[in-house]
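The file run-v3.txt contains compact mmCIF, C-alpha atoms:
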# COMPACT_ATOMS: atom_id res chain seq x y z
CA MET A 1320 140.19 119.16 -2.80
CA VAL A 1321 140.05 122.83 -1.88
CA VAL A 1322 143.17 124.98 -1.68
CA SER A 1323 142.10 128.37 -0.46
CA ASP A 1324 144.32 131.28 0.39
CA PHE A 1325 145.47 131.41 4.00
CA ALA A 1326 147.30 133.51 6.55
CA LEU A 1327 149.10 131.85 9.43
CA LYS A 1328 151.38 132.90 12.21
CA ALA A 1329 154.95 131.64 11.98
CA LEU A 1330 157.23 130.53 14.77
CA ASP A 1331 159.14 133.79 14.35
CA GLY A 1332 155.96 135.70 15.30
CA ARG A 1333 155.29 137.09 11.84
CA ASN A 1334 152.17 136.41 9.79
CA TYR A 1335 152.41 134.99 6.28
CA ARG A 1336 149.78 134.96 3.56
CA LEU A 1337 150.05 132.58 0.61
CA SER A 1338 148.64 134.98 -1.97
CA GLU A 1339 151.43 137.49 -1.25
CA TYR A 1340 153.80 135.15 -3.07
CA ARG A 1341 151.98 135.37 -6.39
CA GLY A 1342 154.65 135.72 -9.05
CA GLU A 1343 156.88 133.18 -7.36
CA VAL A 1344 156.88 129.40 -7.40
CA VAL A 1345 155.68 128.31 -3.95
CA ALA A 1346 156.01 124.97 -2.20
CA VAL A 1347 153.73 124.53 0.81
CA VAL A 1348 154.62 121.49 2.89
CA PHE A 1349 152.45 120.12 5.68
CA TRP A 1350 154.39 118.23 8.31
CA ALA A 1351 154.51 117.19 11.96
CA SER A 1352 157.40 116.54 14.35
CA TRP A 1353 156.28 112.92 14.91
CA CYS A 1354 156.50 112.15 11.17
CA GLY A 1355 159.89 110.64 10.24
CA PRO A 1356 159.76 111.09 6.43
CA CYS A 1357 158.76 114.72 6.98
CA ARG A 1358 162.27 115.53 8.15
CA ASP A 1359 163.75 114.28 4.86
CA GLU A 1360 161.24 116.35 2.94
CA LEU A 1361 161.97 119.49 4.97
CA SER A 1362 165.71 119.07 4.45
CA ARG A 1363 165.24 118.48 0.72
CA LEU A 1364 163.10 121.61 0.44
CA GLN A 1365 165.78 123.56 2.32
CA SER A 1366 168.34 122.46 -0.30
CA LEU A 1367 165.97 123.38 -3.14
CA ARG A 1368 165.27 126.75 -1.55
CA GLU A 1369 169.00 127.48 -1.27
CA LEU A 1370 169.50 126.50 -4.91
CA TYR A 1371 166.55 128.35 -6.41
CA ALA A 1372 165.72 131.22 -4.04
CA ASP A 1373 167.08 133.79 -6.47
CA ALA A 1374 165.13 132.18 -9.31
CA GLY A 1375 161.90 132.71 -7.37
CA LEU A 1376 161.27 129.61 -5.28
CA GLN A 1377 159.58 130.17 -1.93
CA VAL A 1378 158.93 127.45 0.64
CA LEU A 1379 156.32 127.66 3.41
CA ALA A 1380 156.22 124.86 5.95
CA VAL A 1381 153.00 124.30 7.90
CA SER A 1382 153.40 122.44 11.15
CA MET A 1383 150.42 120.44 12.35
CA ASP A 1384 151.91 119.94 15.81
CA GLU A 1385 149.79 120.88 18.76
CA ARG A 1386 152.66 122.74 20.39
CA THR A 1387 155.06 125.12 18.73
CA ASP A 1388 158.13 124.01 20.69
CA ALA A 1389 158.13 120.57 19.03
CA ALA A 1390 158.11 122.16 15.57
CA ALA A 1391 160.68 124.75 16.58
CA SER A 1392 163.01 122.07 17.86
CA VAL A 1393 162.89 120.11 14.58
CA ALA A 1394 163.27 123.27 12.49
CA ALA A 1395 166.31 124.29 14.53
CA SER A 1396 167.94 120.86 14.34
CA LEU A 1397 167.50 120.80 10.54
CA ARG A 1398 168.64 124.44 10.24
CA LEU A 1399 165.62 125.42 8.19
CA THR A 1400 165.61 129.03 7.07
CA TYR A 1401 162.22 129.24 5.37
CA PRO A 1402 159.10 130.32 7.29
CA GLN A 1403 157.72 127.75 9.73
CA LEU A 1404 153.99 128.36 10.04
CA HIS A 1405 151.87 126.87 12.77
CA ASP A 1406 148.38 125.61 12.06
CA ALA A 1407 147.43 125.92 15.72
CA ASP A 1408 143.81 124.76 15.62
CA LEU A 1409 144.29 122.69 12.43
CA ALA A 1410 141.84 125.02 10.68
CA LEU A 1411 143.90 125.05 7.48
CA SER A 1412 144.63 121.32 7.60
CA LYS A 1413 140.90 120.60 7.81
CA VAL A 1414 140.29 122.58 4.62
CA TRP A 1415 143.27 121.40 2.58
CA ASP A 1416 142.98 117.95 4.08
CA PRO A 1417 146.40 116.44 3.30
CA GLN A 1418 145.83 112.69 3.16
CA ARG A 1419 149.41 111.77 4.09
CA LEU A 1420 152.42 113.48 5.58
CA PRO A 1421 154.54 115.04 4.31
CA ALA A 1422 152.19 116.67 1.80
CA THR A 1423 153.87 119.09 -0.59
CA TYR A 1424 151.71 121.42 -2.69
CA LEU A 1425 153.49 123.14 -5.53
CA PHE A 1426 152.05 126.37 -6.95
CA GLY A 1427 152.98 128.10 -10.20
CA ARG A 1428 153.74 131.78 -10.56
CA ALA A 1429 150.08 132.61 -11.27
CA GLY A 1430 149.08 131.02 -7.97
CA GLU A 1431 147.61 127.87 -9.46
CA LEU A 1432 148.12 124.48 -7.83
CA ARG A 1433 150.25 122.44 -10.22
CA TYR A 1434 151.41 119.46 -8.26
CA LEU A 1435 150.65 117.61 -5.06
CA GLN A 1436 153.05 115.10 -3.62
CA LEU A 1437 151.94 112.91 -0.74
CA GLY A 1438 154.62 111.09 1.21
CA SER A 1439 158.27 111.03 0.30
CA ASP A 1440 160.05 108.40 -1.79
CA ALA A 1441 162.96 108.35 -4.23
CA GLN A 1442 160.85 108.79 -7.37
CA SER A 1443 158.77 111.61 -5.95
CA ARG A 1444 161.94 113.44 -4.97
CA ILE A 1445 163.17 113.36 -8.56
CA ASP A 1446 159.73 114.38 -9.82
CA LEU A 1447 159.53 117.34 -7.47
CA VAL A 1448 162.89 118.73 -8.55
CA ALA A 1449 161.89 118.38 -12.21
CA ARG A 1450 158.58 120.13 -11.61
CA VAL A 1451 160.17 122.95 -9.65
CA ARG A 1452 162.55 123.45 -12.56
CA THR A 1453 159.69 123.46 -15.05
CA LEU A 1454 157.67 125.98 -13.04
CA LEU A 1455 160.67 128.24 -12.52
CA ASP A 1456 161.29 128.29 -16.28
CA GLU A 1457 157.72 129.29 -17.11
CA MET B 55 142.71 125.53 -9.28
CA SER B 56 144.40 128.47 -7.62
CA PHE B 57 144.73 129.72 -4.09
CA ASP B 58 141.89 132.13 -4.65
CA ASN B 59 138.87 130.62 -2.98
CA PRO B 60 136.88 128.90 -5.73
CA GLY B 61 134.11 127.97 -3.32
CA ILE B 62 133.42 131.59 -2.50
CA ALA B 63 133.58 132.59 -6.15
CA GLN B 64 130.99 129.97 -7.06
CA ALA B 65 128.73 130.91 -4.19
CA ARG B 66 128.88 134.57 -5.12
CA LEU B 67 128.06 133.90 -8.74
CA ALA B 68 125.28 131.43 -8.07
CA PRO B 69 122.39 133.93 -7.69
CA GLU B 70 123.12 135.34 -11.15
CA ARG B 71 122.06 132.08 -12.74
CA SER B 72 118.64 132.08 -11.20
CA GLY B 73 117.37 135.10 -13.14
CA ARG B 74 119.43 137.50 -15.20
CA ARG B 75 118.60 141.17 -15.21
CA PRO B 76 118.78 143.47 -18.24
CA LEU B 77 122.05 145.01 -17.01
CA GLN B 78 123.62 141.57 -16.82
CA ASP B 79 122.42 140.73 -20.32
CA VAL B 80 124.06 143.89 -21.60
CA ALA B 81 127.27 142.98 -19.80
CA LEU B 82 127.20 139.44 -21.22
CA ARG B 83 126.56 140.76 -24.73
CA ARG B 84 129.56 143.06 -24.32
CA VAL B 85 131.73 140.13 -23.24
CA TRP B 86 130.67 138.13 -26.29
CA ALA B 87 131.28 141.09 -28.58
CA LEU B 88 134.78 141.44 -27.15
CA VAL B 89 135.50 137.72 -27.52
CA LEU B 90 134.36 137.82 -31.15
CA ALA B 91 136.40 140.94 -31.85
CA VAL B 92 139.57 139.42 -30.36
CA THR B 93 139.04 136.16 -32.28
CA ALA B 94 138.46 138.03 -35.54
CA SER B 95 141.60 140.10 -34.94
CA MET B 96 143.67 136.99 -34.33
CA LEU B 97 142.33 135.28 -37.46
CA TRP B 98 143.16 138.36 -39.46
CA LEU B 99 146.59 138.60 -37.90
CA ALA B 100 147.65 135.03 -38.70
CA PRO B 101 147.81 135.37 -42.54
CA ALA B 102 149.28 138.84 -42.19
CA GLN B 103 152.15 137.43 -40.17
CA ALA B 104 152.59 134.57 -42.63
CA ASP B 105 152.93 137.11 -45.46
CA GLN B 106 155.70 138.88 -43.57
CA ALA B 107 157.62 135.73 -42.79
CA GLY B 108 159.77 135.83 -45.91
CA PRO B 109 163.34 137.12 -46.11
CA ALA B 110 162.07 140.50 -47.29
CA ALA B 111 160.45 141.13 -43.94
CA GLY B 112 162.40 143.86 -42.13
CA ALA B 113 162.87 144.58 -38.43
CA GLN B 114 160.15 147.26 -38.49
CA PRO B 115 156.63 145.81 -38.34
CA PRO B 116 154.29 147.28 -40.96
CA SER B 117 151.96 150.05 -39.86
CA SER B 118 148.92 147.78 -40.19
CA LEU B 119 150.39 145.47 -37.52
CA ARG B 120 151.18 148.39 -35.24
CA GLY B 121 147.58 149.53 -35.60
CA LEU B 122 146.39 146.05 -34.77
CA ASP B 123 148.60 145.98 -31.70
CA THR B 124 147.05 149.23 -30.50
CA GLU B 125 143.62 147.75 -31.12
CA VAL B 126 144.47 144.62 -29.12
CA GLN B 127 145.74 146.77 -26.23
CA SER B 128 142.54 148.77 -26.28
CA LEU B 129 140.49 145.57 -26.28
CA LYS B 130 142.48 144.32 -23.29
CA GLN B 131 141.71 147.56 -21.46
CA GLU B 132 138.04 147.12 -22.27
CA VAL B 133 138.14 143.61 -20.80
CA VAL B 134 139.69 145.00 -17.60
CA ASP B 135 137.01 147.72 -17.40
CA LEU B 136 134.28 145.20 -18.06
CA ASN B 137 135.64 142.92 -15.36
CA ARG B 138 135.49 145.81 -12.90
CA ASP B 139 131.89 146.58 -13.92
CA LEU B 140 130.89 142.94 -13.48
CA PHE B 141 132.50 142.86 -10.05
CA MET B 142 130.54 145.95 -8.98
CA LEU B 143 127.36 144.50 -10.43
CA GLU B 144 127.91 141.27 -8.53
CA GLU B 145 128.33 143.19 -5.27
CA GLU B 146 125.20 145.23 -5.93
CA LEU B 147 123.23 142.03 -6.43
CA LEU B 148 124.60 140.19 -3.43
CA PHE B 149 124.72 143.12 -1.02
CA PRO B 150 121.85 145.49 -1.81
CA ALA B 151 121.93 148.82 0.01
CA ASN B 152 118.95 148.06 2.25
CA THR B 153 120.82 145.22 3.96
CA GLN B 154 124.46 146.07 3.24
CA VAL B 155 126.93 146.57 6.07
CA ALA B 156 130.65 147.04 5.46
CA VAL B 157 133.38 147.20 8.08
CA PHE B 158 136.68 148.93 7.30
CA VAL B 159 140.00 149.03 9.15
CA SER B 160 142.36 151.99 9.05
CA MET B 161 145.44 153.07 10.99
CA ASP B 162 146.75 156.50 11.79
CA VAL B 163 150.40 156.85 12.85
CA GLY B 164 150.72 153.50 14.66
CA THR B 165 153.66 154.43 16.90
CA PHE B 166 152.13 152.73 19.93
CA PHE B 167 150.54 149.74 18.25
CA GLY B 168 151.71 147.12 15.75
CA LEU B 169 148.63 145.44 14.29
CA ASP B 170 148.55 141.65 14.28
CA SER B 171 144.87 140.72 13.89
CA VAL B 172 141.32 142.03 13.99
CA LYS B 173 138.27 139.99 14.96
CA VAL B 174 134.76 141.31 14.39
CA LEU B 175 131.65 139.97 16.11
CA LEU B 176 128.13 140.98 15.14
CA ASP B 177 125.43 140.18 17.68
CA GLY B 178 127.88 137.78 19.32
CA ARG B 179 128.64 135.90 16.09
CA GLU B 180 132.14 136.04 14.61
CA VAL B 181 131.95 137.43 11.08
CA ALA B 182 135.59 138.28 10.40
CA ASN B 183 138.95 137.28 11.77
CA TYR B 184 141.85 138.73 9.84
CA LEU B 185 145.56 138.13 10.38
CA TYR B 186 147.76 140.92 9.01
CA THR B 187 151.07 140.29 7.33
CA GLN B 188 153.84 142.84 7.66
CA ARG B 189 153.14 144.11 4.17
CA GLU B 190 149.43 144.60 4.90
CA ALA B 191 150.11 146.41 8.17
CA GLU B 192 152.56 148.70 6.40
CA ALA B 193 149.96 149.44 3.72
CA LEU B 194 147.50 150.49 6.43
CA LEU B 195 150.13 152.71 8.02
CA ARG B 196 150.69 154.38 4.65
CA GLY B 197 147.02 155.40 4.58
CA GLY B 198 145.37 152.30 3.16
CA VAL B 199 141.87 151.33 4.22
CA GLN B 200 140.91 147.66 4.24
CA ARG B 201 137.41 146.31 3.97
CA VAL B 202 137.55 143.54 6.53
CA TRP B 203 133.91 142.45 6.16
CA LEU B 204 131.01 142.98 3.82
CA GLY B 205 127.67 141.39 4.64
CA ASN B 206 123.95 141.71 5.00
CA LEU B 207 122.03 142.68 8.12
CA GLN B 208 118.35 143.21 8.58
CA ALA B 209 117.09 146.62 9.70
CA GLY B 210 117.14 147.25 13.42
CA ALA B 211 119.56 147.45 16.31
CA HIS B 212 122.71 145.33 16.34
CA GLU B 213 125.79 145.08 18.49
CA MET B 214 129.23 145.05 16.97
CA THR B 215 132.40 144.17 18.84
CA ALA B 216 135.90 144.43 17.44
CA PHE B 217 138.98 142.89 19.02
CA PHE B 218 142.42 144.19 18.10
CA THR B 219 145.57 142.26 18.92
CA GLY B 220 149.16 143.22 18.30
CA LYS B 221 152.20 144.74 19.92
CA GLY B 222 151.56 147.66 22.22
CA PRO B 223 153.93 150.17 23.79
CA HIS B 224 157.38 148.73 24.56
CA GLY B 225 156.71 145.78 22.26
CA ARG B 226 154.40 144.03 24.70
CA ASP B 227 151.48 141.87 23.59
CA TYR B 228 148.42 144.04 23.49
CA SER B 229 144.76 143.21 23.07
CA ARG B 230 141.79 145.56 23.16
CA GLY B 231 138.10 145.37 22.39
CA ALA B 232 135.62 147.99 21.36
CA THR B 233 131.85 147.59 21.28
CA MET B 234 129.19 149.73 19.70
CA ARG B 235 125.51 149.51 18.97
CA ILE B 236 124.55 150.12 15.39
CA GLU B 237 121.16 150.98 14.02
CA LYS B 238 120.70 149.51 10.57
CA GLY B 239 118.39 151.66 8.51
CA PRO B 240 117.25 151.46 4.89
CA GLY B 241 120.58 152.63 3.46
CA ALA B 242 123.97 150.93 3.37
CA LYS B 243 125.93 151.12 6.61
CA TYR B 244 129.67 151.72 6.66
CA ILE B 245 131.67 151.29 9.86
CA GLU B 246 135.29 152.24 10.28
CA LEU B 247 137.55 150.67 12.90
CA LYS B 248 140.23 153.27 13.34
CA ILE B 249 143.46 152.68 15.20
CA SER B 250 145.29 155.84 16.16
CA ASP B 251 147.78 157.10 18.72
CA ARG B 252 146.81 158.84 21.90
CA ALA B 253 150.08 160.70 22.21
CA ALA B 254 149.33 162.31 25.58
CA GLN B 255 149.01 158.91 27.26
CA LEU B 256 151.51 157.12 25.02
CA GLN B 257 148.83 154.56 24.26
CA PRO B 258 146.98 153.43 21.14
CA GLU B 259 143.36 154.41 20.69
CA PHE B 260 140.65 152.33 19.05
CA VAL B 261 137.70 154.17 17.61
CA VAL B 262 134.60 152.71 15.99
CA LYS B 263 133.07 155.23 13.66
CA GLU B 264 129.88 155.11 11.60
CA TRP B 265 129.66 156.55 8.10
CA GLU B 266 126.28 157.29 6.59
Target format structure tokens, applied to this file:
Amino acid sequence: MVVSDFALKALDGRNYRLSEYRGEVVAVVFWASWCGPCRDELSRLQSLRELYADAGLQVLAVSMDERTDAAASVAASLRLTYPQLHDADLALSKVWDPQRLPATYLFGRAGELRYLQLGSDAQSRIDLVARVRTLLDE
Amino acid sequence: MSFDNPGIAQARLAPERSGRRPLQDVALRRVWALVLAVTASMLWLAPAQADQAGPAAGAQPPSSLRGLDTEVQSLKQEVVDLNRDLFMLEEELLFPANTQVAVFVSMDVGTFFGLDSVKVLLDGREVANYLYTQREAEALLRGGVQRVWLGNLQAGAHEMTAFFTGKGPHGRDYSRGATMRIEKGPGAKYIELKISDRAAQLQPEFVVKEWE
């Protein structure tokens, strides 16, 4: 598995680069509008972001949809406030190669990949919160 | 694993394994000397701290410990310097002057253009495609210069094309290209892609400049 740095354009028109968030705990979630469990994951990450933003948690969502309007519609309906990036030609997805959706990559403050969660179930939800807490305390 | 690109790091280090040069041996010996010095300092520090652990130990650390702290800081600085030297050495090995070509991006003023991305093609082949974040664009506006590509080219004539995209006057999407022929000689070639304002026409200007 390769997790290289990336820069992607977001739905708001701005560009975001992963390495600019060094020093913060970063969750990068790959999702698509046709993926049901992805919506739960996105909502859960929104709650976590609201809880821990001041403690240094940043969330970047990467949509694998072909069109931006599908991703924008879901993001609006879920009232997501974190950046919604668009992997237009799936260039990033081909490199990171998430095996299932949603795929949540959790990075520590030094920029190292600490945790990868594929899919979304009750246990993984509890695990993710615990790991976010651990990373924020480091 | 971090979000630095480990693949690139490995590829860049690979040639060093095939045959070390004297300069590299010196650098490696310095690294080992530093590692040994830090280890020895830590071993010496451990019993010293144990001695001070009793109730008699005051808030002020003894002068020997302060001296050691200074020494550790100086060793850390040496490691940073050594790291820089190794980085430069690595670049010299991978991009020798006779084939080296570097392309830089700079911005001057930027009233009529908000930079979004730069794509560089050499002889029709894409060698760089860089998306700028707001922070990076601001750094360029403050006088920063970014090396967008460093590579090797054989001597002779080459064609370089740069495409700039962003927001032009009145916030409209703006895309421009600039092409130039470059003659690669025996020395390193430095090319600057400069974005500036053409105030008279209220338009941005894109200049490709060669540095010898």
What does the distance from atom CA of Ala1429 of chain A to atom CA of Val1451 of chain A come to in Å, to one decimal?
14.1 Å
Please find the residues of chain A near chain B - the criterion being any atom within 8 Å, counting only C-alpha atoms - and write them as an MDAnalysis selection string.
chainID A and resid 1321:1324 1326:1327 1333:1338 1426 1429:1432
Using only C-alpha atoms, which residues sit within 12 Å of Ala1390 of chain A once same-chain residues fewer than 2 positions away are excluded, as a PyMOL selection string?
chain A and resi 1329-1331+1349-1354+1357-1358+1361+1380-1388+1392-1397+1399+1402-1407
Once you have the residues from the selection above, write them out as a PDB file, in the frame of the given file, restricted to C-alpha atoms.
ATOM      1  CA  ALA A1329     154.950 131.640  11.980  1.00  0.00           C
ATOM      2  CA  LEU A1330     157.230 130.530  14.770  1.00  0.00           C
ATOM      3  CA  ASP A1331     159.140 133.790  14.350  1.00  0.00           C
ATOM      4  CA  PHE A1349     152.450 120.120   5.680  1.00  0.00           C
ATOM      5  CA  TRP A1350     154.390 118.230   8.310  1.00  0.00           C
ATOM      6  CA  ALA A1351     154.510 117.190  11.960  1.00  0.00           C
ATOM      7  CA  SER A1352     157.400 116.540  14.350  1.00  0.00           C
ATOM      8  CA  TRP A1353     156.280 112.920  14.910  1.00  0.00           C
ATOM      9  CA  CYS A1354     156.500 112.150  11.170  1.00  0.00           C
ATOM     10  CA  CYS A1357     158.760 114.720   6.980  1.00  0.00           C
ATOM     11  CA  ARG A1358     162.270 115.530   8.150  1.00  0.00           C
ATOM     12  CA  LEU A1361     161.970 119.490   4.970  1.00  0.00           C
ATOM     13  CA  ALA A1380     156.220 124.860   5.950  1.00  0.00           C
ATOM     14  CA  VAL A1381     153.000 124.300   7.900  1.00  0.00           C
ATOM     15  CA  SER A1382     153.400 122.440  11.150  1.00  0.00           C
ATOM     16  CA  MET A1383     150.420 120.440  12.350  1.00  0.00           C
ATOM     17  CA  ASP A1384     151.910 119.940  15.810  1.00  0.00           C
ATOM     18  CA  GLU A1385     149.790 120.880  18.760  1.00  0.00           C
ATOM     19  CA  ARG A1386     152.660 122.740  20.390  1.00  0.00           C
ATOM     20  CA  THR A1387     155.060 125.120  18.730  1.00  0.00           C
ATOM     21  CA  ASP A1388     158.130 124.010  20.690  1.00  0.00           C
ATOM     22  CA  SER A1392     163.010 122.070  17.860  1.00  0.00           C
ATOM     23  CA  VAL A1393     162.890 120.110  14.580  1.00  0.00           C
ATOM     24  CA  ALA A1394     163.270 123.270  12.490  1.00  0.00           C
ATOM     25  CA  ALA A1395     166.310 124.290  14.530  1.00  0.00           C
ATOM     26  CA  SER A1396     167.940 120.860  14.340  1.00  0.00           C
ATOM     27  CA  LEU A1397     167.500 120.800  10.540  1.00  0.00           C
ATOM     28  CA  LEU A1399     165.620 125.420   8.190  1.00  0.00           C
ATOM     29  CA  PRO A1402     159.100 130.320   7.290  1.00  0.00           C
ATOM     30  CA  GLN A1403     157.720 127.750   9.730  1.00  0.00           C
ATOM     31  CA  LEU A1404     153.990 128.360  10.040  1.00  0.00           C
ATOM     32  CA  HIS A1405     151.870 126.870  12.770  1.00  0.00           C
ATOM     33  CA  ASP A1406     148.380 125.610  12.060  1.00  0.00           C
ATOM     34  CA  ALA A1407     147.430 125.920  15.720  1.00  0.00           C
TER      35      ALA A1407
END
Record the distance separating atom CA of Gly222 of chain B and atom CA of Trp203 of chain B, expressed in Å with one decimal.
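Taking atom CA of Gly222 of chain B as the start and atom CA of Trp203 of chain B as the end point, the length is 24.4 Å.
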Expressed in Å to a single decimal, how great is the separation between atom CA of Leu175 of chain B and atom CA of Val1414 of chain A?
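Atom-to-atom, atom CA of Leu175 of chain B to atom CA of Val1414 of chain A, that is 22.6 Å.
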Would you mind listing what lies within 12 Å of Gly1438 of chain A as an MDAnalysis selection string, with all atoms listed in the file counted and same-chain residues fewer than 4 positions away left out?
chainID A and resid 1348:1350 1354:1361 1417:1424 1442:1444 1447
Using all atoms listed in the file, which protein or nucleic acid residues come within 10 Å of Gly220 of chain B? Drop anything in the same chain fewer than 3 positions from it, and give the result as a count of residues only.
13
For segment 205-218 of chain B, list every protein, DNA or RNA residue within 9 Å, evaluated using all atoms listed in the file, and leave out those in the same chain fewer than 6 positions away; present the list as number ranges by chain.
B: 148-157, 169-178, 181, 228-240, 247, 260, 262
